[in-house]
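Undergrad: Next comes query_25.txt, compact mmCIF, C-alpha atoms and all ligand atoms:
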```txt
# COMPACT_ATOMS: atom_id res chain seq x y z
CA MET A 27 -74.25 212.19 39.74
CA SER A 28 -71.13 211.05 37.92
CA PHE A 29 -70.99 208.25 35.39
CA GLY A 30 -67.67 207.21 36.79
CA VAL A 31 -68.64 206.49 40.35
CA GLN A 32 -70.94 203.63 41.19
CA THR A 33 -73.51 205.62 43.19
CA ALA A 34 -75.92 202.73 43.71
CA PRO A 35 -74.19 199.69 45.19
CA LEU A 36 -73.74 196.77 42.89
CA LEU A 37 -74.83 193.68 44.79
CA ILE A 38 -73.96 190.38 43.26
CA SER A 39 -75.32 187.74 45.57
CA SER A 40 -72.82 185.56 47.39
CA GLY A 41 -75.16 182.60 47.05
CA ASP A 42 -75.29 182.44 50.85
CA LEU A 43 -78.53 183.88 52.22
CA ILE A 44 -77.08 184.85 55.59
CA ALA A 45 -74.03 186.52 54.07
CA ASP A 46 -76.32 188.49 51.72
CA ARG A 47 -78.42 189.58 54.71
CA ARG A 48 -75.30 190.73 56.56
CA PHE A 49 -74.39 192.74 53.46
CA ASP A 50 -77.83 194.39 53.39
CA PHE A 51 -77.61 195.30 57.08
CA ALA A 52 -74.11 196.62 56.55
CA ARG A 53 -75.36 198.85 53.72
CA ASP A 54 -78.11 200.24 55.97
CA LEU A 55 -75.53 201.00 58.65
CA GLN A 56 -73.22 202.55 56.07
CA LEU A 57 -76.01 204.84 54.87
CA LYS A 58 -76.76 205.83 58.48
CA GLY A 59 -73.09 206.69 58.95
CA ASP A 60 -72.17 203.88 61.33
CA LEU A 61 -69.14 202.83 59.31
CA VAL A 62 -67.35 200.84 61.99
CA ALA A 63 -70.36 198.60 62.62
CA ALA A 64 -70.92 198.28 58.85
CA ALA A 65 -67.30 197.15 58.37
CA ASP A 66 -67.73 194.61 61.13
CA LEU A 67 -70.83 193.11 59.46
CA LEU A 68 -69.08 193.02 56.10
CA LEU A 69 -66.20 191.09 57.63
CA GLN A 70 -68.73 188.61 59.01
CA ALA A 71 -70.28 188.32 55.53
CA THR A 72 -66.88 187.59 53.98
CA GLU A 73 -66.17 184.97 56.65
CA LEU A 74 -69.40 183.21 55.68
CA ALA A 75 -68.78 183.68 51.95
CA PRO A 76 -65.08 184.35 51.19
CA GLY A 77 -65.84 184.81 47.48
CA PHE A 78 -68.36 187.64 48.13
CA ALA A 79 -66.90 190.38 45.87
CA SER A 80 -69.61 192.98 46.65
CA ALA A 81 -68.86 192.69 50.36
CA TRP A 82 -65.09 193.00 49.89
CA PHE A 83 -65.55 195.98 47.62
CA THR A 84 -67.92 197.79 49.99
CA LEU A 85 -65.55 197.04 52.84
CA GLY A 86 -62.79 198.69 50.78
CA GLU A 87 -64.92 201.81 50.30
CA ILE A 88 -65.68 202.00 54.01
CA ARG A 89 -62.03 201.50 55.00
CA GLN A 90 -61.09 204.24 52.58
CA THR A 91 -63.68 206.62 54.05
CA LEU A 92 -62.37 205.80 57.51
CA GLY A 93 -58.87 206.77 56.32
CA GLU A 94 -57.58 203.21 56.71
CA ARG A 95 -55.60 203.16 53.46
CA GLU A 96 -53.78 199.85 53.85
CA ALA A 97 -56.94 198.01 54.94
CA ALA A 98 -58.84 199.59 52.02
CA ILE A 99 -56.17 198.38 49.59
CA ALA A 100 -56.33 194.87 51.08
CA ALA A 101 -60.14 194.76 50.72
CA PHE A 102 -60.10 196.07 47.13
CA CYS A 103 -57.40 193.50 46.25
CA LYS A 104 -59.62 190.79 47.72
CA ALA A 105 -62.63 192.05 45.71
CA ARG A 106 -60.62 191.69 42.54
CA ASP A 107 -59.06 188.35 43.49
CA VAL A 108 -62.47 186.77 43.98
CA ASP A 109 -63.90 188.46 40.85
CA PRO A 110 -61.08 188.70 38.27
CA ASP A 111 -63.47 190.35 35.76
CA ASP A 112 -63.72 193.10 38.36
CA CYS A 113 -67.28 194.26 37.79
CA HIS A 114 -67.06 196.55 40.83
CA GLY A 115 -64.02 198.36 39.44
CA ALA A 116 -61.78 197.56 42.42
CA SER A 117 -58.70 198.02 40.22
CA LEU A 118 -59.75 201.64 39.58
CA ARG A 119 -59.96 202.25 43.31
CA LEU A 120 -56.48 200.75 43.69
CA MET A 121 -55.18 203.10 40.99
CA LEU A 122 -56.74 206.10 42.73
CA LEU A 123 -55.22 205.02 46.03
CA GLY A 124 -51.83 204.93 44.30
CA ALA A 125 -51.50 201.20 44.98
CA GLU A 126 -51.32 200.32 41.28
CA LYS A 127 -50.13 202.06 38.18
CA LEU A 128 -52.55 203.41 35.63
CA SER A 129 -54.12 200.78 33.37
CA GLY A 130 -57.33 200.17 31.44
CA MET A 131 -60.85 200.10 32.82
CA PRO A 132 -62.31 196.59 33.34
CA PRO A 133 -64.95 196.03 30.63
CA ALA A 134 -67.15 194.15 33.13
CA TYR A 135 -67.19 197.26 35.34
CA VAL A 136 -68.19 199.55 32.45
CA ARG A 137 -70.92 197.13 31.40
CA ALA A 138 -72.33 196.83 34.93
CA LEU A 139 -72.17 200.60 35.43
CA PHE A 140 -74.05 201.48 32.25
CA ASP A 141 -76.50 198.59 32.42
CA GLN A 142 -77.44 199.98 35.80
CA TYR A 143 -77.67 203.60 34.56
CA ALA A 144 -79.43 202.93 31.26
CA PRO A 145 -83.00 203.72 32.43
CA LYS A 146 -82.06 207.11 33.87
CA PHE A 147 -79.04 207.88 31.69
CA GLU A 148 -80.46 210.62 29.48
CA THR A 149 -82.22 212.55 32.24
CA ALA A 150 -79.17 212.34 34.48
CA LEU A 151 -76.69 213.29 31.79
CA VAL A 152 -78.58 215.90 29.80
CA ASP A 153 -80.69 217.51 32.53
CA ASP A 154 -78.41 217.19 35.55
CA LEU A 155 -74.96 217.46 33.98
CA GLY A 156 -75.82 219.72 31.03
CA TYR A 157 -74.35 217.18 28.62
CA ARG A 158 -73.59 218.70 25.21
CA GLY A 159 -71.06 216.28 23.67
CA PRO A 160 -73.02 215.38 20.50
CA ALA A 161 -73.85 219.05 19.73
CA LEU A 162 -70.18 220.03 20.15
CA LEU A 163 -69.09 217.19 17.88
CA PHE A 164 -71.67 218.19 15.29
CA LYS A 165 -70.44 221.81 15.20
CA ALA A 166 -66.80 220.70 15.03
CA VAL A 167 -67.44 218.24 12.19
CA LEU A 168 -69.37 220.86 10.20
CA ALA A 169 -66.56 223.39 10.72
CA ALA A 170 -63.89 220.85 9.70
CA ARG A 171 -65.80 220.08 6.49
CA LEU A 172 -66.44 223.73 5.73
CA ALA A 173 -62.72 224.47 6.10
CA VAL A 174 -61.87 222.01 3.32
CA ARG A 175 -64.99 222.86 1.28
CA LYS A 176 -66.39 219.36 1.42
CA PRO A 177 -70.03 218.51 2.14
CA ALA A 178 -70.79 217.41 5.67
CA PHE A 179 -72.53 214.27 4.54
CA PHE A 180 -71.29 210.80 5.40
CA LYS A 181 -72.44 207.55 3.88
CA ARG A 182 -71.18 205.22 6.61
CA ALA A 183 -70.61 206.23 10.23
CA ILE A 184 -69.61 204.34 13.36
CA ASP A 185 -70.67 205.60 16.78
CA LEU A 186 -68.28 204.26 19.44
CA GLY A 187 -69.68 203.93 22.95
CA CYS A 188 -73.01 204.89 21.37
CA GLY A 189 -74.94 204.65 24.64
CA THR A 190 -78.62 205.43 24.15
CA GLY A 191 -77.99 206.99 20.73
CA LEU A 192 -77.71 210.72 21.44
CA ALA A 193 -74.90 211.24 18.90
CA ALA A 194 -76.72 209.38 16.13
CA SER A 195 -79.82 211.48 16.81
CA THR A 196 -77.74 214.64 16.38
CA PHE A 197 -76.05 213.43 13.16
CA ALA A 198 -79.06 211.54 11.77
CA LYS A 199 -79.67 213.86 8.78
CA GLU A 200 -75.98 213.85 7.79
CA VAL A 201 -75.45 210.08 7.85
CA ASP A 202 -76.88 207.35 5.62
CA HIS A 203 -75.90 204.27 7.58
CA PHE A 204 -75.05 204.31 11.30
CA ILE A 205 -73.35 201.50 13.18
CA GLY A 206 -73.39 201.71 16.98
CA ILE A 207 -70.97 199.85 19.25
CA ASP A 208 -71.27 199.72 23.03
CA LEU A 209 -70.31 197.41 25.87
CA SER A 210 -73.64 197.73 27.65
CA PRO A 211 -76.56 195.62 26.33
CA ARG A 212 -79.08 197.84 28.15
CA MET A 213 -77.70 200.99 26.52
CA ILE A 214 -77.79 199.23 23.15
CA GLU A 215 -81.47 198.33 23.70
CA ARG A 216 -82.23 202.03 24.07
CA ALA A 217 -80.12 202.94 21.05
CA ARG A 218 -82.10 200.39 19.04
CA ALA A 219 -85.36 202.05 20.05
CA THR A 220 -84.26 205.35 18.44
CA GLY A 221 -84.37 203.75 14.99
CA HIS A 222 -81.23 205.71 13.98
CA TYR A 223 -78.90 202.72 13.69
CA ALA A 224 -78.72 200.29 10.79
CA GLN A 225 -76.55 198.01 12.94
CA LEU A 226 -75.82 197.74 16.65
CA GLU A 227 -73.18 195.65 18.32
CA VAL A 228 -72.54 194.84 21.96
CA ALA A 229 -68.75 194.95 22.03
CA GLU A 230 -65.72 196.68 23.46
CA MET A 231 -65.15 199.54 21.04
CA VAL A 232 -61.56 198.74 20.01
CA GLU A 233 -62.58 195.11 19.44
CA GLY A 234 -65.67 196.27 17.54
CA LEU A 235 -63.49 198.39 15.24
CA ARG A 236 -61.09 195.46 14.76
CA GLY A 237 -63.96 193.44 13.34
CA ARG A 238 -64.65 196.07 10.65
CA PRO A 239 -63.07 196.03 7.17
CA GLU A 240 -60.45 198.59 6.13
CA THR A 241 -61.74 201.88 4.66
CA SER A 242 -65.33 200.92 5.50
CA ALA A 243 -66.34 204.15 7.30
CA ASP A 244 -66.50 207.83 6.41
CA LEU A 245 -67.03 209.08 9.95
CA VAL A 246 -66.11 207.63 13.34
CA LEU A 247 -67.64 209.34 16.38
CA ALA A 248 -66.91 208.88 20.07
CA ALA A 249 -68.98 211.18 22.28
CA ASP A 250 -67.95 210.99 25.94
CA ALA A 251 -66.45 207.54 25.41
CA MET A 252 -62.67 208.23 25.37
CA VAL A 253 -62.93 209.00 29.10
CA TYR A 254 -63.20 205.21 29.62
CA LEU A 255 -59.91 204.46 27.81
CA SER A 256 -56.53 205.15 29.38
CA ASP A 257 -54.44 204.42 26.30
CA LEU A 258 -55.97 205.98 23.17
CA ALA A 259 -53.38 204.50 20.78
CA PRO A 260 -55.12 201.16 19.96
CA LEU A 261 -58.43 202.88 19.25
CA LEU A 262 -56.86 205.61 17.11
CA ARG A 263 -54.91 203.02 15.12
CA GLU A 264 -58.07 201.00 14.44
CA ALA A 265 -60.07 204.11 13.56
CA ALA A 266 -57.35 205.11 11.08
CA ARG A 267 -57.51 201.66 9.50
CA VAL A 268 -61.31 201.60 9.27
CA LEU A 269 -61.68 205.14 7.90
CA ALA A 270 -61.75 205.71 4.16
CA PRO A 271 -59.37 208.39 2.82
CA GLY A 272 -60.91 211.79 3.55
CA GLY A 273 -62.94 210.29 6.43
CA LEU A 274 -63.15 211.92 9.85
CA LEU A 275 -62.70 210.79 13.42
CA ALA A 276 -64.41 213.12 15.91
CA PHE A 277 -64.41 212.73 19.66
CA THR A 278 -64.79 214.51 22.97
CA SER A 279 -62.45 213.86 25.86
CA GLU A 280 -61.70 215.21 29.30
CA THR A 281 -58.40 216.94 29.78
CA HIS A 282 -56.03 218.32 32.41
CA ASP A 283 -52.93 220.51 32.67
CA GLY A 284 -50.57 217.85 34.01
CA GLU A 285 -48.60 215.15 32.23
CA GLY A 286 -50.14 212.56 29.90
CA VAL A 287 -53.11 210.58 31.18
CA VAL A 288 -54.65 210.59 34.66
CA LEU A 289 -57.60 208.85 36.31
CA GLY A 290 -59.82 211.45 37.99
CA GLU A 291 -61.76 211.11 41.23
CA GLY A 292 -64.87 210.54 39.11
CA LEU A 293 -63.21 207.38 37.72
CA ARG A 294 -62.85 208.81 34.21
CA TYR A 295 -59.54 209.27 32.45
CA ALA A 296 -58.35 212.71 31.37
CA HIS A 297 -55.86 213.09 28.51
CA ASN A 298 -53.76 216.19 28.14
CA ALA A 299 -53.75 218.00 24.79
CA ALA A 300 -50.12 217.12 23.98
CA TYR A 301 -50.89 213.41 24.55
CA VAL A 302 -53.91 213.61 22.22
CA ARG A 303 -51.95 215.41 19.48
CA ALA A 304 -49.11 212.87 19.67
CA ALA A 305 -51.48 209.88 19.67
CA ILE A 306 -53.32 211.20 16.61
CA ALA A 307 -50.08 211.78 14.73
CA ALA A 308 -48.77 208.33 15.73
CA ALA A 309 -51.95 206.75 14.30
CA GLY A 310 -51.23 208.46 10.97
CA LEU A 311 -54.23 210.80 11.19
CA THR A 312 -54.10 214.54 10.51
CA LEU A 313 -55.49 216.82 13.16
CA SER A 314 -58.18 219.15 11.77
CA ARG A 315 -59.37 220.71 15.05
CA LEU A 316 -58.60 220.49 18.73
CA ASP A 317 -60.73 222.88 20.76
CA ASP A 318 -60.83 223.45 24.51
CA LEU A 319 -64.51 222.80 25.06
CA SER A 320 -66.36 221.13 27.89
CA ALA A 321 -68.97 218.47 27.14
CA ARG A 322 -70.56 218.44 30.59
CA ASN A 323 -70.64 219.91 34.07
CA GLU A 324 -69.72 218.45 37.40
CA ASP A 325 -70.67 220.26 40.61
CA ASN A 326 -72.20 222.97 38.40
CA ALA A 327 -68.86 223.79 36.74
CA PRO A 328 -67.73 222.79 33.23
CA VAL A 329 -65.37 219.80 33.25
CA PRO A 330 -62.22 220.71 31.23
CA GLY A 331 -62.52 218.97 27.90
CA LEU A 332 -61.38 218.73 24.32
CA VAL A 333 -63.33 218.40 21.11
CA VAL A 334 -61.13 216.78 18.48
CA VAL A 335 -61.54 216.17 14.77
CA ALA A 336 -58.89 214.29 12.78
CA GLU A 337 -58.82 213.30 9.12
CA LYS A 338 -57.51 210.26 7.33
CA THR A 339 -55.56 211.90 4.53
C1 LIG A 401 -71.16 208.53 28.96
S1 LIG A 401 -71.80 207.37 27.86
C2 LIG A 401 -71.93 208.28 26.35
C3 LIG A 401 -72.94 207.68 25.40
C4 LIG A 401 -73.15 208.41 24.09
N1 LIG A 401 -71.98 208.38 23.25
C5 LIG A 401 -73.64 209.81 24.31
O1 LIG A 401 -72.99 210.74 23.84
O2 LIG A 401 -74.68 209.97 24.96
C6 LIG A 401 -70.45 206.30 27.55
C7 LIG A 401 -70.83 205.02 26.82
O3 LIG A 401 -69.65 204.39 26.39
C8 LIG A 401 -69.75 203.00 26.65
N2 LIG A 401 -68.37 202.50 26.79
C9 LIG A 401 -67.45 202.87 27.70
N3 LIG A 401 -66.29 202.23 27.48
C10 LIG A 401 -66.49 201.44 26.40
C11 LIG A 401 -65.66 200.54 25.67
N4 LIG A 401 -64.38 200.35 26.01
N5 LIG A 401 -66.20 199.90 24.63
C12 LIG A 401 -67.50 200.09 24.26
N6 LIG A 401 -68.32 200.94 24.92
C13 LIG A 401 -67.82 201.61 25.97
C14 LIG A 401 -70.60 202.88 27.88
O4 LIG A 401 -71.21 201.61 27.98
C15 LIG A 401 -71.58 204.02 27.68
O5 LIG A 401 -72.74 203.60 27.02
```
As structure tokens, how would this structure be written, given the file I've shared?

TA:
Amino acid sequence: MSFGVQTAPLLISSGDLIADRRFDFARDLQLKGDLVAAADLLLQATELAPGFASAWFTLGEIRQTLGEREAAIAAFCKARDVDPDDCHGASLRLMLLGAEKLSGMPPAYVRALFDQYAPKFETALVDDLGYRGPALLFKAVLAARLAVRKPAFFKRAIDLGCGTGLAASTFAKEVDHFIGIDLSPRMIERARATGHYAQLEVAEMVEGLRGRPETSADLVLAADAMVYLSDLAPLLREAARVLAPGGLLAFTSETHDGEGVVLGEGLRYAHNAAYVRAAIAAAGLTLSRLDDLSARNEDNAPVPGLVVVAEKT
């Protein structure tokens, strides 16, 4: 399972009972492998309900599987036209198909994805994908503090894309006051249940940082959250503003050997090391560590990753 790809279909009712039924039948046919018949039913559903984003999106996926690139692009464009918030992530599919240039991930898509995954998130991530992001961040932060002979204790920390709270659980003894920010209300509910956060906020993480006063944090963490941002510059700038002098920003990211930033097949962005170094410098932060370390596996192999710690000097 990948947290980039919508494995369970997102069905947002068209409001038309017959169109919804056609969609359900189409899904059954799709699962049985009869893609041509499924596409036909989806077309019927969109004729009945032209604003049926789930049907357009699924049609796009089927066209893509059938190798009908232009028709897939047309269906994904339709899905986004009728749902400009793009909760199915049609724009990401268009980027992967090379029909659009790289841009940000629709917040409505991220929210829908993680609201849907919240109940099984920890089992899927930790047990199935060997997720180790928080532990890697913890080690890196301790090492960065040791190197400058400062205690690894932080009064005020912000956990960006906090999810169910795995990072705060790992850092709990080293932090006095944790703030968690996440787009997904269902993930936030689970984070709340850990009892590790003094404050939790449902917000886009760059916006959440923007709402915080200058020099109000000693540690900013982002465990497996940068993979949902194409451009890291706005977040790094805000983190630099919010950190107090001597404060640390620590994050994991996925990486690759090519140029700059790419969107992978798993619908997560990967940033190359040179891009990360340049973005940190441009934000006015000083790089303390940048280690080639993988935070999780995919298909039983470690996904190339970086663990980064930067200081506000
Ligand atoms: C893979 S989970 C990681 C959760 C947690 N940090 C951990 O280590 O277990 C990514 C989380 O980031 C959140 N997220 C992704 N993009 C976001 C954004 N732009 N703003 C706020 N939260 C975001 C998702 O809702 C999800 O809960």

Undergrad: Give the residue list for ligand LIG 401 (chain A) at 7 Å, counting only C-alpha atoms and all ligand atoms, as a compact mmCIF listing (two decimals) with C-alpha atoms, in the coordinates of the input, sorted by chain and then by residue number.

TA:
```txt
# COMPACT_ATOMS: atom_id res chain seq x y z
CA PHE A 29 -70.99 208.25 35.39
CA PRO A 133 -64.95 196.03 30.63
CA VAL A 136 -68.19 199.55 32.45
CA ARG A 137 -70.92 197.13 31.40
CA PHE A 140 -74.05 201.48 32.25
CA GLY A 159 -71.06 216.28 23.67
CA PRO A 160 -73.02 215.38 20.50
CA LEU A 186 -68.28 204.26 19.44
CA GLY A 187 -69.68 203.93 22.95
CA CYS A 188 -73.01 204.89 21.37
CA GLY A 189 -74.94 204.65 24.64
CA THR A 190 -78.62 205.43 24.15
CA GLY A 191 -77.99 206.99 20.73
CA LEU A 192 -77.71 210.72 21.44
CA ALA A 193 -74.90 211.24 18.90
CA ILE A 207 -70.97 199.85 19.25
CA ASP A 208 -71.27 199.72 23.03
CA LEU A 209 -70.31 197.41 25.87
CA SER A 210 -73.64 197.73 27.65
CA MET A 213 -77.70 200.99 26.52
CA ALA A 229 -68.75 194.95 22.03
CA GLU A 230 -65.72 196.68 23.46
CA MET A 231 -65.15 199.54 21.04
CA VAL A 232 -61.56 198.74 20.01
CA ALA A 248 -66.91 208.88 20.07
CA ALA A 249 -68.98 211.18 22.28
CA ASP A 250 -67.95 210.99 25.94
CA ALA A 251 -66.45 207.54 25.41
CA TYR A 254 -63.20 205.21 29.62
CA LEU A 255 -59.91 204.46 27.81
```

Undergrad: Please indicate the distance in Å from atom CA of Gly310 of chain A to atom CA of Val334 of chain A, rounded to one decimal place.

TA: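 The value is 15.0 Å.
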
Undergrad: In Å, rounded to a single decimal, give me how far atom CA of Pro328 of chain A is from atom CA of Gly286 of chain A.

TA: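 These two atoms are separated by 20.6 Å.
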
Undergrad: Please identify all polymer residues within 9 Å of Val287 of chain A, counting all atoms listed in the file, omitting same-chain residues fewer than 2 positions from it, and present them as a PDB file with C-alpha atoms, keeping the file's coordinate frame.

TA:
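The result, stored in out-v9.pdb:
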```pdb
ATOM      1  CA  LEU A 128     -52.550 203.410  35.630  1.00  0.00           C
ATOM      2  CA  SER A 256     -56.530 205.150  29.380  1.00  0.00           C
ATOM      3  CA  ASP A 257     -54.440 204.420  26.300  1.00  0.00           C
ATOM      4  CA  THR A 281     -58.400 216.940  29.780  1.00  0.00           C
ATOM      5  CA  HIS A 282     -56.030 218.320  32.410  1.00  0.00           C
ATOM      6  CA  GLY A 284     -50.570 217.850  34.010  1.00  0.00           C
ATOM      7  CA  GLU A 285     -48.600 215.150  32.230  1.00  0.00           C
ATOM      8  CA  LEU A 289     -57.600 208.850  36.310  1.00  0.00           C
ATOM      9  CA  TYR A 295     -59.540 209.270  32.450  1.00  0.00           C
ATOM     10  CA  ALA A 296     -58.350 212.710  31.370  1.00  0.00           C
ATOM     11  CA  HIS A 297     -55.860 213.090  28.510  1.00  0.00           C
ATOM     12  CA  ASN A 298     -53.760 216.190  28.140  1.00  0.00           C
ATOM     13  CA  TYR A 301     -50.890 213.410  24.550  1.00  0.00           C
TER      14      TYR A 301
END
```
